[in-house]
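These notes concern the structure reproduced below.
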Amino acid sequence: MSYNLPPLPWLRAFEAAARLGSFTLASEELALTPAAISHQVRSLEGQLGYPLFLRRNRHLLLTRLGENYLPAVRQAFSDLSLATTDVFGRGQQATLRLRCLQSFAQSWLISRLPRFRAAHPEVRLQLHTAGWAGTVESEQLDLDISYGQGEWTGVLAEPLVRGKVLPLAHPDLAKTVPDLETLRHAPLIEIAGVTESWTRFFHRQGLTDPLPDPAMVVDQSSVALDVAAQGVGYCLVFDAFAQPYLAAGTLVPSVRAAYQQDQGMYLLRAPGRQSSPDLDKLITWLRAEAQQSV
């Protein structure tokens, strides 16, 4: 089988430069010179036929095509890393391999992990995060926590956390938007690839006129939350992701228009994969933590 792929070093240079926002920082991470990173990225752009970055006074900004390409590149590297670990990285003691969305890890899971370690210090846990939702792969993961409607095929799906979609903004910015009609024309932060978009949100409120172009497009809920917390615009996110920001007061609901969504976080397992005592402990703990957070 022939694959239509750019050279792997070019993709590594692109991913590192996009993540770090700098050819210099990418060069330090990859042990290359900044000129080499720049050359590899330009070679990638040349092969693709489109620019991936806007270069502004030594700062890098992703183009729209670059924003759309980056999640797929990250996912490919994540899958390759998991496969490598699965085949070559096992130690004498079994390790549970858990994957979840980066936004879920940052906003919900990581702060709770000390309680899991305290309750089960004997369990070795390997955590992988991904920018976009995926599905569990039987030979690579023990458990996947993914975002969706529970309609996956070929996996065992169990609801973990359900909730509402909230329009959020910095407290100072939220004061300037008294109603939905004003919000339609405010700076909106869109999350690429999500079902619960701003367009769908306003349609649910009975407002069907076309929206202006978003002020910013990002690839993850965690980035949207961070950007909104700086007062740049309004984000629309799953409330489980937003809890740390709401608790800290860095974000507040911008209008009273939250709605119960059809999606949520699910535990996904491959049906043919044998369970283990350690996996049972992890799943039982996750269920208990989710119940306490309701």
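Note on naming: chains are A, B, ... as they come in the structure tokens, residues start from 1 per chain, ligands start from 1 in the order shown.
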
When DSSP is applied to the backbone of this structure, which of range 8-135 of chain A are assigned alpha helix (DSSP H)? Write them out as a PyMOL selection string. chain A and resi 8-20+23-30+34-48+64-88+102-104+113-119

Return as an MDAnalysis selection string the full set of residues in range 133-247 of chain A whose backbone-based DSSP assignment is strand (DSSP E or B). chainID A and resid 143:148 156:169 188:191 216:218 234:238

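Take the candidates A:Arg117, A:Leu30, A:Glu15, A:Gln102 and check each one against Leu52 in chain A using only C-alpha atoms; the shortest distance goes to A:Glu15.
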
Within 8 Å of range 185-195 of chain A, counting only C-alpha atoms, which residues show up once you throw out same-chain ones fewer than 2 positions away? Write them as a VMD selection string, please. chain A and resid 68 177 181 to 183 197 to 198 200 211 to 212 214 to 221 224 228 232 to 236

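Taking only C-alpha atoms, the non-local environment of His203 in chain A within 12 Å (same-chain residues fewer than 6 positions away omitted) comprises Leu180, Arg184, Glu196, Ser197, Asp209, Pro210, Leu211 and Ala257 of chain A.
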